[in-house]
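Coordinates from start_31.txt are shown below (compact mmCIF, C-alpha atoms).
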# COMPACT_ATOMS: atom_id res chain seq x y z
CA MET B 209 8.92 -12.23 -13.84
CA ASN B 210 5.96 -11.72 -16.12
CA GLN B 211 4.15 -8.50 -16.95
CA GLN B 212 1.29 -9.31 -14.56
CA SER B 213 3.58 -9.79 -11.57
CA TRP B 214 5.55 -6.67 -12.41
CA VAL B 215 2.41 -4.56 -12.53
CA TYR B 216 1.23 -6.13 -9.28
CA LEU B 217 4.49 -5.39 -7.48
CA ALA B 218 4.53 -1.83 -8.85
CA GLN B 219 1.02 -1.28 -7.48
CA LEU B 220 1.97 -2.86 -4.17
CA ALA B 221 5.08 -0.65 -3.96
CA ARG B 222 2.93 2.43 -4.39
CA ALA B 223 0.37 1.18 -1.88
CA LEU B 224 3.05 0.42 0.70
CA GLN B 225 4.43 3.93 0.29
CA GLN B 226 0.98 5.45 0.62
CA LYS B 227 0.31 3.48 3.77
CA GLY B 228 3.58 4.74 5.21
CA VAL B 229 5.32 1.37 5.48
CA ASP B 230 8.97 1.76 6.37
CA GLY B 231 11.16 1.85 3.23
CA THR B 232 13.50 -0.98 4.22
CA ARG B 233 10.59 -3.24 5.16
CA ALA B 234 8.79 -2.42 1.93
CA GLY B 235 11.91 -3.29 -0.09
CA GLU B 236 12.25 -6.64 1.67
CA ILE B 237 8.59 -7.50 1.19
CA LEU B 238 8.74 -6.70 -2.53
CA ALA B 239 11.91 -8.72 -3.06
CA GLU B 240 10.45 -11.66 -1.16
CA LEU B 241 7.19 -11.59 -3.10
CA ASP B 242 9.12 -11.27 -6.36
CA ALA B 243 10.87 -14.55 -5.51
CA HIS B 244 7.55 -16.15 -4.52
CA LEU B 245 5.74 -15.12 -7.71
CA THR B 246 8.67 -16.13 -9.90
CA GLU B 247 8.92 -19.59 -8.39
CA SER B 248 5.22 -20.35 -8.02
CA GLY B 249 4.21 -18.81 -11.33
CA ALA B 250 0.88 -18.04 -9.63
CA ASP B 251 -1.50 -15.29 -10.63
CA PRO B 252 -0.47 -12.46 -8.25
CA VAL B 253 -3.95 -11.27 -7.29
CA GLU B 254 -5.21 -14.80 -6.77
CA GLU B 255 -2.16 -15.69 -4.69
CA LEU B 256 -1.71 -12.51 -2.67
CA GLY B 257 -5.03 -10.71 -2.87
CA PRO B 258 -5.52 -7.14 -4.15
CA PRO B 259 -2.29 -5.12 -3.69
CA PHE B 260 -3.93 -2.38 -1.66
CA GLU B 261 -5.46 -4.87 0.79
CA LEU B 262 -2.13 -6.60 1.27
CA ALA B 263 -0.47 -3.22 1.90
CA VAL B 264 -3.13 -2.35 4.49
CA GLU B 265 -2.62 -5.70 6.16
CA LEU B 266 1.12 -5.16 6.36
CA ALA B 267 0.89 -1.49 7.33
CA ASN B 268 -1.45 -2.20 10.22
CA ARG B 269 1.11 -4.35 11.97
CA PRO B 270 2.83 -2.43 14.73
CA GLY B 271 6.44 -1.69 13.94
CA TYR B 272 5.76 -1.56 10.24
CA ARG B 273 4.88 2.04 9.92
CA ARG B 274 7.54 4.66 9.85
CA ARG B 275 7.75 6.41 13.15
CA GLY B 276 6.63 10.00 13.26
CA TRP B 277 3.82 11.97 11.80
CA LEU B 278 2.37 11.07 8.45
CA PRO B 279 0.60 14.04 6.87
CA PRO B 280 -2.92 13.22 5.69
CA LEU B 281 -3.66 13.74 2.01
CA TRP B 282 -6.23 16.47 2.62
CA LEU B 283 -3.61 18.63 4.29
CA ILE B 284 -1.30 18.29 1.31
CA HIS B 285 -4.11 19.29 -1.03
CA LEU B 286 -5.13 22.18 1.22
CA ALA B 287 -1.60 23.52 1.03
CA GLY B 288 -1.68 22.90 -2.70
CA VAL B 289 -4.88 24.91 -3.24
CA LEU B 290 -3.63 27.73 -1.05
CA GLY B 291 -0.31 27.83 -2.86
CA ALA B 292 -1.97 27.79 -6.27
CA LEU B 293 -4.43 30.56 -5.27
CA ALA B 294 -1.68 32.76 -3.94
CA LEU B 295 0.61 32.05 -6.85
CA ALA B 296 -2.07 32.88 -9.42
CA ALA B 297 -2.89 36.20 -7.78
CA ALA B 298 0.74 37.09 -7.21
CA LEU B 299 1.70 36.29 -10.78
CA GLU B 300 -1.10 38.45 -12.12
CA ALA B 301 0.05 41.30 -9.94
CA PHE B 302 3.59 40.74 -11.12
CA VAL B 303 2.59 40.92 -14.76
CA THR B 304 0.14 43.82 -14.56
CA GLY B 305 1.91 45.63 -11.73
CA SER B 306 0.10 47.32 -8.90
CA ASP B 307 0.41 50.97 -7.94
CA ASP B 308 -0.49 50.64 -4.28
CA GLY B 309 1.69 47.63 -3.43
CA LYS B 310 -1.34 45.44 -2.97
CA VAL B 311 -2.37 42.29 -4.75
CA ALA B 312 -5.95 42.08 -5.91
CA ILE B 313 -7.70 38.77 -5.55
CA LYS B 314 -10.32 38.44 -8.23
CA ALA B 315 -13.29 36.14 -7.96
CA ILE B 316 -12.45 34.60 -11.30
CA GLY B 317 -9.00 33.65 -10.05
CA ILE B 318 -10.54 31.77 -7.13
CA VAL B 319 -12.90 29.97 -9.47
CA TYR B 320 -10.08 28.95 -11.76
CA VAL B 321 -7.85 27.63 -9.00
CA LEU B 322 -10.57 25.79 -7.09
CA THR B 323 -11.65 24.00 -10.24
CA MET B 324 -8.36 23.54 -12.05
CA TYR B 325 -6.56 22.16 -9.00
CA PRO B 326 -8.71 19.04 -8.53
CA ALA B 327 -8.72 18.55 -12.29
CA SER B 328 -4.93 18.56 -12.48
CA VAL B 329 -4.71 16.18 -9.51
CA ALA B 330 -7.19 13.91 -11.27
CA LEU B 331 -5.23 14.15 -14.51
CA GLY B 332 -2.01 13.25 -12.72
CA PHE B 333 -3.78 10.34 -11.07
CA ALA B 334 -5.15 9.15 -14.40
CA PHE B 335 -1.70 9.39 -15.94
CA THR B 336 -0.05 7.27 -13.25
CA ARG B 337 -2.86 4.74 -13.59
CA ARG B 338 -2.26 4.63 -17.31
CA LEU B 339 1.36 3.84 -16.55
CA ASP B 340 0.25 0.97 -14.35
CA GLY B 341 -0.81 -0.70 -17.54
CA ARG B 342 -4.46 0.22 -17.82
CA SER B 343 -5.88 1.28 -21.13
CA TRP B 344 -7.05 4.76 -22.06
CA LYS B 345 -10.43 3.26 -22.76
CA ALA B 346 -10.80 2.15 -19.13
CA LEU B 347 -9.80 5.63 -18.01
CA ALA B 348 -12.49 7.27 -20.11
CA GLY B 349 -15.11 5.83 -17.76
CA SER B 350 -13.13 6.56 -14.61
CA ARG B 351 -13.68 9.13 -11.89
CA ALA B 352 -10.71 11.12 -13.21
CA ALA B 353 -12.48 11.66 -16.52
CA LEU B 354 -15.64 12.66 -14.69
CA ALA B 355 -13.70 15.16 -12.56
CA ILE B 356 -12.28 16.81 -15.67
CA VAL B 357 -15.66 17.08 -17.35
CA VAL B 358 -17.26 18.51 -14.20
CA THR B 359 -14.41 20.99 -13.93
CA ALA B 360 -14.83 22.20 -17.48
CA ALA B 361 -18.55 22.73 -16.87
CA ALA B 362 -17.92 24.46 -13.54
CA VAL B 363 -15.32 26.83 -15.00
CA THR B 364 -17.61 27.95 -17.83
CA THR B 365 -20.63 28.45 -15.56
CA LEU B 366 -18.94 30.04 -12.58
CA SER B 367 -16.68 32.39 -14.52
CA ASN B 368 -19.80 34.07 -15.91
CA PHE B 369 -20.89 34.94 -12.39
CA ALA B 370 -17.46 35.68 -10.99
CA GLY B 371 -16.17 38.06 -13.64
CA GLN B 372 -13.44 40.53 -12.84
CA ARG B 373 -14.86 41.44 -9.43
CA VAL B 374 -12.13 42.07 -6.85
CA VAL B 375 -12.75 40.16 -3.64
CA ALA B 376 -9.84 41.42 -1.56
CA ARG B 377 -6.70 43.50 -1.76
CA ILE B 378 -3.79 42.21 0.21
CA PRO B 379 -0.30 43.75 0.63
CA ALA B 380 2.15 42.20 -1.82
CA PRO B 381 4.79 41.08 0.73
CA VAL B 382 2.16 39.16 2.70
CA PHE B 383 1.12 37.52 -0.51
CA TRP B 384 4.56 36.38 -1.53
CA ILE B 385 5.12 34.95 1.93
CA VAL B 386 1.91 32.91 1.59
CA VAL B 387 3.04 31.70 -1.83
CA VAL B 388 6.45 30.61 -0.59
CA VAL B 389 5.18 29.04 2.64
CA ALA B 390 2.35 27.15 0.96
CA LEU B 391 4.49 25.79 -1.85
CA ALA B 392 7.27 24.85 0.58
CA ALA B 393 4.66 23.08 2.73
CA VAL B 394 3.50 21.05 -0.27
CA VAL B 395 7.05 19.95 -1.03
CA ILE B 396 7.87 19.13 2.60
CA LEU B 397 4.62 17.25 3.18
CA LEU B 398 5.04 15.23 0.00
CA LEU B 399 8.61 14.36 0.91
CA ARG B 400 7.47 13.24 4.34
CA ARG B 401 4.85 11.08 2.81
CA ARG B 402 6.85 9.43 0.10
CA LYS B 403 10.00 7.90 1.47
CA PRO B 404 11.99 5.95 -1.08
CA ILE B 405 11.84 2.19 -0.88
CA ARG B 406 15.21 0.65 -0.09
CA PHE B 407 15.67 -2.72 -1.73
CA PRO B 408 18.07 -5.39 -0.47
CA SER B 409 21.36 -5.29 -2.42
CA HIS B 410 20.54 -8.40 -4.45
CA ALA B 411 17.22 -6.99 -5.58
CA VAL B 412 18.23 -3.52 -6.74
CA HIS B 413 16.76 -4.21 -10.17
CA LEU B 414 13.35 -3.83 -8.50
CA ARG B 415 14.07 -0.12 -8.07
CA ARG B 416 12.45 0.38 -11.43
CA LEU B 417 9.14 -0.61 -9.81
CA THR B 418 8.99 2.78 -8.15
CA ARG B 419 10.31 4.95 -10.95
CA GLY B 420 7.27 6.72 -12.32
CA PRO B 421 7.12 6.19 -16.07
CA LEU B 422 8.61 2.72 -15.89
CA ALA B 423 6.26 1.36 -13.27
CA GLY B 424 4.08 -1.17 -15.00
CA ARG B 425 6.69 -2.23 -17.53
CA VAL B 426 8.76 -5.35 -17.21
CA PRO B 427 12.45 -4.46 -17.52
CA SER B 428 13.86 -6.05 -20.62
CA MET V 1212 -20.46 -5.24 13.07
CA LYS V 1213 -22.44 -8.45 13.02
CA LYS V 1214 -20.45 -11.61 13.46
CA SER V 1215 -21.94 -14.44 11.51
CA THR V 1216 -21.41 -18.10 12.23
CA PRO V 1217 -19.48 -19.92 9.54
CA ASN V 1218 -21.90 -21.62 7.17
CA THR V 1219 -19.59 -23.60 4.95
CA LEU V 1220 -16.93 -26.16 5.79
CA ASP V 1221 -14.36 -23.99 4.02
CA GLN V 1222 -15.17 -21.07 6.31
CA ARG V 1223 -14.85 -23.29 9.36
CA ARG V 1224 -11.53 -24.64 8.19
CA SER V 1225 -10.16 -21.18 7.58
CA GLN V 1226 -11.23 -20.12 11.08
CA TRP V 1227 -9.49 -23.12 12.66
CA LEU V 1228 -6.44 -22.42 10.54
CA LYS V 1229 -6.23 -18.88 11.88
CA GLY V 1230 -5.75 -20.24 15.37
CA VAL V 1231 -3.05 -22.74 14.59
CA LEU V 1232 -1.27 -21.76 11.37
CA ASP V 1233 1.46 -19.79 13.11
CA LEU V 1234 2.29 -22.81 15.28
CA CYS V 1235 2.38 -25.07 12.24
CA VAL V 1236 4.73 -22.65 10.49
CA LEU V 1237 7.02 -22.60 13.52
CA ALA V 1238 6.90 -26.40 13.70
CA SER V 1239 7.82 -26.62 10.00
CA LEU V 1240 10.97 -24.68 10.79
CA LEU V 1241 12.14 -26.99 13.58
CA ASP V 1242 14.26 -29.21 11.35
CA ALA V 1243 15.44 -26.81 8.69
CA ASP V 1244 15.24 -23.18 7.62
CA ALA V 1245 12.80 -22.56 4.82
CA TYR V 1246 11.62 -19.74 2.52
CA GLY V 1247 8.03 -18.65 2.05
CA TYR V 1248 7.06 -20.64 -1.01
CA GLU V 1249 8.73 -23.76 0.41
CA LEU V 1250 6.72 -23.37 3.63
CA ALA V 1251 3.48 -22.95 1.69
CA LYS V 1252 4.17 -26.10 -0.33
CA GLY V 1253 5.10 -28.02 2.83
CA LEU V 1254 1.85 -27.03 4.55
CA THR V 1255 -0.13 -28.11 1.50
CA VAL V 1256 1.64 -31.48 1.42
CA ALA V 1257 0.93 -31.86 5.14
CA GLY V 1258 -2.77 -31.62 4.29
CA PHE V 1259 -3.71 -28.02 5.03
CA GLY V 1260 -4.89 -27.37 1.50
CA ASP V 1261 -3.76 -24.39 -0.53
CA ILE V 1262 -2.08 -21.80 1.72
CA LYS V 1263 -2.07 -18.47 -0.09
CA GLY V 1264 0.88 -16.10 0.00
CA GLY V 1265 -1.57 -13.41 1.07
CA THR V 1266 -2.10 -15.35 4.32
CA LEU V 1267 1.42 -16.64 4.79
CA TYR V 1268 3.54 -13.51 4.34
CA PRO V 1269 1.71 -11.26 6.80
CA LEU V 1270 1.97 -14.16 9.27
CA LEU V 1271 5.69 -14.62 8.68
CA ASN V 1272 6.21 -10.89 9.10
CA ARG V 1273 4.38 -11.02 12.42
CA LEU V 1274 6.48 -13.96 13.63
CA GLU V 1275 9.60 -12.04 12.68
CA ARG V 1276 8.48 -8.92 14.50
CA GLU V 1277 7.71 -10.94 17.62
CA GLY V 1278 11.20 -12.41 17.51
CA TYR V 1279 10.07 -16.00 16.94
CA VAL V 1280 11.93 -16.22 13.65
CA THR V 1281 14.88 -14.45 12.09
CA THR V 1282 15.53 -14.13 8.39
CA VAL V 1283 18.48 -14.41 6.07
CA TRP V 1284 18.70 -13.94 2.31
CA ARG V 1285 20.24 -16.76 0.35
CA ALA V 1286 20.98 -16.97 -3.37
CA SER V 1287 18.98 -19.34 -5.50
CA ALA V 1288 20.38 -21.25 -8.47
CA ASP V 1289 17.43 -20.35 -10.66
CA GLY V 1290 15.73 -17.04 -9.93
CA PRO V 1291 15.76 -14.24 -7.37
CA ASP V 1292 17.37 -14.64 -3.92
CA ARG V 1293 15.13 -16.20 -1.28
CA LYS V 1294 14.38 -15.02 2.20
CA TYR V 1295 14.89 -17.95 4.58
CA TYR V 1296 13.19 -18.11 7.94
CA GLN V 1297 14.94 -19.56 10.94
CA ILE V 1298 13.23 -20.35 14.25
CA THR V 1299 14.75 -18.64 17.29
CA LYS V 1300 15.13 -19.89 20.84
CA GLN V 1301 12.23 -17.66 21.76
CA GLY V 1302 10.22 -19.19 18.92
CA ARG V 1303 10.93 -22.69 20.13
CA SER V 1304 9.82 -21.97 23.66
CA GLU V 1305 6.65 -20.24 22.43
CA LEU V 1306 5.97 -23.26 20.21
CA ASN V 1307 6.39 -25.64 23.15
CA ARG V 1308 4.14 -23.59 25.37
CA ALA V 1309 1.42 -22.99 22.79
CA SER V 1310 1.38 -26.45 21.27
CA ALA V 1311 0.84 -27.98 24.72
CA SER V 1312 -2.11 -25.65 25.16
CA TRP V 1313 -3.40 -26.45 21.66
CA ASN V 1314 -3.19 -30.19 22.34
CA THR V 1315 -5.32 -29.77 25.45
CA PHE V 1316 -7.82 -27.82 23.41
CA VAL V 1317 -7.94 -30.52 20.75
CA THR V 1318 -8.37 -33.26 23.37
CA VAL V 1319 -11.28 -31.45 24.98
CA SER V 1320 -12.93 -30.87 21.61
CA LYS V 1321 -12.41 -34.48 20.64
CA GLN V 1322 -14.00 -35.74 23.84
CA LEU V 1323 -17.06 -33.59 23.26
CA LEU V 1324 -17.32 -34.38 19.58
CA ALA V 1325 -16.90 -38.10 20.19
CA ARG V 1326 -20.50 -38.11 21.43
CA VAL V 1327 -21.65 -37.07 17.95
CA ASN V 1328 -20.25 -40.24 16.44
CA GLN V 1329 -21.80 -42.44 19.13
CA GLU V 1330 -25.22 -40.90 18.68
CA SER V 1331 -25.21 -41.16 14.92
CA THR V 1332 -24.16 -44.81 14.82
Written as structure tokens, that's how I'd like the structure from this file.
Amino acid sequence: MNQQSWVYLAQLARALQQKGVDGTRAGEILAELDAHLTESGADPVEELGPPFELAVELANRPGYRRRGWLPPLWLIHLAGVLGALALAAALEAFVTGSDDGKVAIKAIGIVYVLTMYPASVALGFAFTRRLDGRSWKALAGSRAALAIVVTAAAVTTLSNFAGQRVVARIPAPVFWIVVVVALAAVVILLLRRRKPIRFPSHAVHLRRLTRGPLAGRVPS
Amino acid sequence: MKKSTPNTLDQRRSQWLKGVLDLCVLASLLDADAYGYELAKGLTVAGFGDIKGGTLYPLLNRLEREGYVTTVWRASADGPDRKYYQITKQGRSELNRASASWNTFVTVSKQLLARVNQEST
């Protein structure tokens, strides 16, 4: 398999996972297309169309999606923001200590979390894209780069207004419960969303398609 | 969404193909099991033009889900294992039923379109 096909299959693997295609089906599809691309030597996008469109096509067939509830991305990010907010406030209280057993939520903390969270998601996204074989140069003009620049500007501007003002004081135990619940929710939701792809026994070498840092590299 | 009429011969051909490609795939499997790339090549040789994997594989997956074909992996001498498709009894009876209906459709169309030739000559 050439580099182009490997990158294509890695992108398709990710798209199939995102669309919630059953892991065993996804593994079969990838192994079958690997054989097709190897034998035909065709350009993968020309032959199969854009990976995301093919994944949508396959995911929309009844019986292809995993049964059960698939959490939408916004819910995962909502839990993420909540968890990060609570964690930031709780950590500050842990470090500085509080006399009355309450955790102070400062405006500046909210500003930091609401801006840093999307930026770190964007950065993570950019990083995985980079590993799909795109150049840093292409990323510089991407939405991820824009998100980071906007964040930096927002943090500087908003923190001037926010300052050290305390918005609310909430009992510490309540706070720690929110932290634990929100972070647990993120983990559970992500696990629900990303089921591992199970490849047929003769195609186990394709497992490396789905292993983060190696996706986008042809195994030697 | 607005549905436009096909304005090139290629668009027409691809619309016709949508209606009959699954039957042609099933018919290709009558004599022997075949894998995806083999089927695509066979359809091209038969005169269908270039059948893209992006069209063929979703179709094969649908036929499998509907129980018209079953699949089995077989080793290949040179390269990755291949997924072979095998027509089922259910697939054969659907092919019989649908191809009879398709033939009627073609006959009717032919009769109507025959007038075009007569008028133009």
Within 12 Å of chain V, which residues of chain B show up when using all atoms listed in the file, listed as a PDB file with C-alpha atoms, in the frame of the given file?
ATOM      1  CA  MET B 209       8.920 -12.230 -13.840  1.00  0.00           C
ATOM      2  CA  ARG B 233      10.590  -3.240   5.160  1.00  0.00           C
ATOM      3  CA  ALA B 234       8.790  -2.420   1.930  1.00  0.00           C
ATOM      4  CA  GLU B 236      12.250  -6.640   1.670  1.00  0.00           C
ATOM      5  CA  ILE B 237       8.590  -7.500   1.190  1.00  0.00           C
ATOM      6  CA  LEU B 238       8.740  -6.700  -2.530  1.00  0.00           C
ATOM      7  CA  ALA B 239      11.910  -8.720  -3.060  1.00  0.00           C
ATOM      8  CA  GLU B 240      10.450 -11.660  -1.160  1.00  0.00           C
ATOM      9  CA  LEU B 241       7.190 -11.590  -3.100  1.00  0.00           C
ATOM     10  CA  ASP B 242       9.120 -11.270  -6.360  1.00  0.00           C
ATOM     11  CA  ALA B 243      10.870 -14.550  -5.510  1.00  0.00           C
ATOM     12  CA  HIS B 244       7.550 -16.150  -4.520  1.00  0.00           C
ATOM     13  CA  LEU B 245       5.740 -15.120  -7.710  1.00  0.00           C
ATOM     14  CA  THR B 246       8.670 -16.130  -9.900  1.00  0.00           C
ATOM     15  CA  GLU B 247       8.920 -19.590  -8.390  1.00  0.00           C
ATOM     16  CA  SER B 248       5.220 -20.350  -8.020  1.00  0.00           C
ATOM     17  CA  GLY B 249       4.210 -18.810 -11.330  1.00  0.00           C
ATOM     18  CA  ALA B 250       0.880 -18.040  -9.630  1.00  0.00           C
ATOM     19  CA  ASP B 251      -1.500 -15.290 -10.630  1.00  0.00           C
ATOM     20  CA  PRO B 252      -0.470 -12.460  -8.250  1.00  0.00           C
ATOM     21  CA  VAL B 253      -3.950 -11.270  -7.290  1.00  0.00           C
ATOM     22  CA  GLU B 254      -5.210 -14.800  -6.770  1.00  0.00           C
ATOM     23  CA  GLU B 255      -2.160 -15.690  -4.690  1.00  0.00           C
ATOM     24  CA  LEU B 256      -1.710 -12.510  -2.670  1.00  0.00           C
ATOM     25  CA  GLY B 257      -5.030 -10.710  -2.870  1.00  0.00           C
ATOM     26  CA  PRO B 258      -5.520  -7.140  -4.150  1.00  0.00           C
ATOM     27  CA  PRO B 259      -2.290  -5.120  -3.690  1.00  0.00           C
ATOM     28  CA  PHE B 260      -3.930  -2.380  -1.660  1.00  0.00           C
ATOM     29  CA  GLU B 261      -5.460  -4.870   0.790  1.00  0.00           C
ATOM     30  CA  LEU B 262      -2.130  -6.600   1.270  1.00  0.00           C
ATOM     31  CA  ALA B 263      -0.470  -3.220   1.900  1.00  0.00           C
ATOM     32  CA  VAL B 264      -3.130  -2.350   4.490  1.00  0.00           C
ATOM     33  CA  GLU B 265      -2.620  -5.700   6.160  1.00  0.00           C
ATOM     34  CA  LEU B 266       1.120  -5.160   6.360  1.00  0.00           C
ATOM     35  CA  ALA B 267       0.890  -1.490   7.330  1.00  0.00           C
ATOM     36  CA  ASN B 268      -1.450  -2.200  10.220  1.00  0.00           C
ATOM     37  CA  ARG B 269       1.110  -4.350  11.970  1.00  0.00           C
ATOM     38  CA  PRO B 270       2.830  -2.430  14.730  1.00  0.00           C
ATOM     39  CA  GLY B 271       6.440  -1.690  13.940  1.00  0.00           C
ATOM     40  CA  TYR B 272       5.760  -1.560  10.240  1.00  0.00           C
ATOM     41  CA  PRO B 408      18.070  -5.390  -0.470  1.00  0.00           C
ATOM     42  CA  SER B 409      21.360  -5.290  -2.420  1.00  0.00           C
ATOM     43  CA  HIS B 410      20.540  -8.400  -4.450  1.00  0.00           C
ATOM     44  CA  ALA B 411      17.220  -6.990  -5.580  1.00  0.00           C
ATOM     45  CA  VAL B 412      18.230  -3.520  -6.740  1.00  0.00           C
ATOM     46  CA  HIS B 413      16.760  -4.210 -10.170  1.00  0.00           C
ATOM     47  CA  LEU B 414      13.350  -3.830  -8.500  1.00  0.00           C
TER      48      LEU B 414
END
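Rounded to one decimal, atom CA of B:Leu283 and atom CA of B:Val394 lie 8.8 Å from each other.
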Inset, instruction - Name the residues in contact with V:Cys1235 at a cut-off of 10 Å, using all atoms listed in the file, excluding same-chain residues fewer than 2 positions from it; report them as number ranges by chain. - result: V: 1228, 1230-1233, 1237-1240, 1250, 1254, 1257, 1259, 1306, 1310
Using C-alpha atoms, can you write the selected residues to a file as an mmCIF file, in the frame of the given file?
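Wrote it out as selection_7.cif, contents follow:
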data_model
loop_
_atom_site.group_PDB
_atom_site.id
_atom_site.type_symbol
_atom_site.label_atom_id
_atom_site.label_comp_id
_atom_site.auth_asym_id
_atom_site.auth_seq_id
_atom_site.Cartn_x
_atom_site.Cartn_y
_atom_site.Cartn_z
ATOM 1 C CA LEU V 1228 -6.440 -22.420 10.540
ATOM 2 C CA GLY V 1230 -5.750 -20.240 15.370
ATOM 3 C CA VAL V 1231 -3.050 -22.740 14.590
ATOM 4 C CA LEU V 1232 -1.270 -21.760 11.370
ATOM 5 C CA ASP V 1233 1.460 -19.790 13.110
ATOM 6 C CA LEU V 1237 7.020 -22.600 13.520
ATOM 7 C CA ALA V 1238 6.900 -26.400 13.700
ATOM 8 C CA SER V 1239 7.820 -26.620 10.000
ATOM 9 C CA LEU V 1240 10.970 -24.680 10.790
ATOM 10 C CA LEU V 1250 6.720 -23.370 3.630
ATOM 11 C CA LEU V 1254 1.850 -27.030 4.550
ATOM 12 C CA ALA V 1257 0.930 -31.860 5.140
ATOM 13 C CA PHE V 1259 -3.710 -28.020 5.030
ATOM 14 C CA LEU V 1306 5.970 -23.260 20.210
ATOM 15 C CA SER V 1310 1.380 -26.450 21.270
#
Inset, instruction - Just give me the gap between atom CA of V:Arg1308 and atom CA of V:Val1280 in Å, one decimal is fine. - result: 15.9 Å
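Minimum atom-to-atom distances from B:Ala390, B:Val357, B:Leu224, B:Val363 to B:Gly288 were compared using only C-alpha atoms, and the lowest value belongs to B:Ala390.
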Inset, instruction - Using atom CA of B:Lys310 and atom CA of B:Pro381 as the two end points, give the distance in Å to one decimal. - result: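 Straight-line distance from atom CA of B:Lys310 to atom CA of B:Pro381 works out to 8.4 Å.
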Inset, instruction - For B:Ala376, work out the shell of residues within 10 Å, counting all atoms listed in the file and skipping chain neighbours fewer than 2 positions away, then give it as a ChimeraX atom specification. - result: /B:310-315,373-374,378
Missing atoms in stretch 242-259 of chain B need filling: write out N, CA and C atoms for it as a PDB file, in the frame of the given file.
ATOM      1  N   ASP B 242       8.594 -11.055  -5.018  1.00  0.00           N
ATOM      2  CA  ASP B 242       9.120 -11.270  -6.360  1.00  0.00           C
ATOM      3  C   ASP B 242       9.597 -12.714  -6.490  1.00  0.00           C
ATOM      4  N   ALA B 243      10.365 -13.169  -5.487  1.00  0.00           N
ATOM      5  CA  ALA B 243      10.870 -14.550  -5.510  1.00  0.00           C
ATOM      6  C   ALA B 243       9.700 -15.537  -5.483  1.00  0.00           C
ATOM      7  N   HIS B 244       8.705 -15.256  -4.648  1.00  0.00           N
ATOM      8  CA  HIS B 244       7.550 -16.150  -4.520  1.00  0.00           C
ATOM      9  C   HIS B 244       6.790 -16.269  -5.849  1.00  0.00           C
ATOM     10  N   LEU B 245       6.513 -15.110  -6.459  1.00  0.00           N
ATOM     11  CA  LEU B 245       5.740 -15.120  -7.710  1.00  0.00           C
ATOM     12  C   LEU B 245       6.529 -15.758  -8.839  1.00  0.00           C
ATOM     13  N   THR B 246       7.841 -15.528  -8.853  1.00  0.00           N
ATOM     14  CA  THR B 246       8.670 -16.130  -9.900  1.00  0.00           C
ATOM     15  C   THR B 246       8.655 -17.648  -9.773  1.00  0.00           C
ATOM     16  N   GLU B 247       8.827 -18.133  -8.552  1.00  0.00           N
ATOM     17  CA  GLU B 247       8.920 -19.590  -8.390  1.00  0.00           C
ATOM     18  C   GLU B 247       7.560 -20.274  -8.554  1.00  0.00           C
ATOM     19  N   SER B 248       6.514 -19.675  -7.982  1.00  0.00           N
ATOM     20  CA  SER B 248       5.220 -20.350  -8.020  1.00  0.00           C
ATOM     21  C   SER B 248       4.528 -20.166  -9.369  1.00  0.00           C
ATOM     22  N   GLY B 249       4.859 -19.087 -10.056  1.00  0.00           N
ATOM     23  CA  GLY B 249       4.210 -18.810 -11.330  1.00  0.00           C
ATOM     24  C   GLY B 249       2.724 -18.525 -11.169  1.00  0.00           C
ATOM     25  N   ALA B 250       2.305 -18.232  -9.911  1.00  0.00           N
ATOM     26  CA  ALA B 250       0.880 -18.040  -9.630  1.00  0.00           C
ATOM     27  C   ALA B 250       0.398 -16.682 -10.122  1.00  0.00           C
ATOM     28  N   ASP B 251      -0.892 -16.574 -10.316  1.00  0.00           N
ATOM     29  CA  ASP B 251      -1.500 -15.290 -10.630  1.00  0.00           C
ATOM     30  C   ASP B 251      -1.388 -14.419  -9.374  1.00  0.00           C
ATOM     31  N   PRO B 252      -0.759 -13.224  -9.480  1.00  0.00           N
ATOM     32  CA  PRO B 252      -0.470 -12.460  -8.250  1.00  0.00           C
ATOM     33  C   PRO B 252      -1.697 -12.097  -7.422  1.00  0.00           C
ATOM     34  N   VAL B 253      -2.775 -11.685  -8.077  1.00  0.00           N
ATOM     35  CA  VAL B 253      -3.950 -11.270  -7.290  1.00  0.00           C
ATOM     36  C   VAL B 253      -4.591 -12.478  -6.616  1.00  0.00           C
ATOM     37  N   GLU B 254      -4.626 -13.588  -7.332  1.00  0.00           N
ATOM     38  CA  GLU B 254      -5.210 -14.800  -6.770  1.00  0.00           C
ATOM     39  C   GLU B 254      -4.383 -15.290  -5.582  1.00  0.00           C
ATOM     40  N   GLU B 255      -3.069 -15.165  -5.705  1.00  0.00           N
ATOM     41  CA  GLU B 255      -2.160 -15.690  -4.690  1.00  0.00           C
ATOM     42  C   GLU B 255      -2.057 -14.749  -3.480  1.00  0.00           C
ATOM     43  N   LEU B 256      -2.015 -13.461  -3.746  1.00  0.00           N
ATOM     44  CA  LEU B 256      -1.710 -12.510  -2.670  1.00  0.00           C
ATOM     45  C   LEU B 256      -2.868 -11.575  -2.316  1.00  0.00           C
ATOM     46  N   GLY B 257      -3.922 -11.629  -3.105  1.00  0.00           N
ATOM     47  CA  GLY B 257      -5.030 -10.710  -2.870  1.00  0.00           C
ATOM     48  C   GLY B 257      -4.733  -9.362  -3.521  1.00  0.00           C
ATOM     49  N   PRO B 258      -5.730  -8.451  -3.544  1.00  0.00           N
ATOM     50  CA  PRO B 258      -5.520  -7.140  -4.150  1.00  0.00           C
ATOM     51  C   PRO B 258      -4.351  -6.411  -3.470  1.00  0.00           C
ATOM     52  N   PRO B 259      -3.494  -5.737  -4.263  1.00  0.00           N
ATOM     53  CA  PRO B 259      -2.290  -5.120  -3.690  1.00  0.00           C
ATOM     54  C   PRO B 259      -2.583  -4.146  -2.559  1.00  0.00           C
TER      55      PRO B 259
END
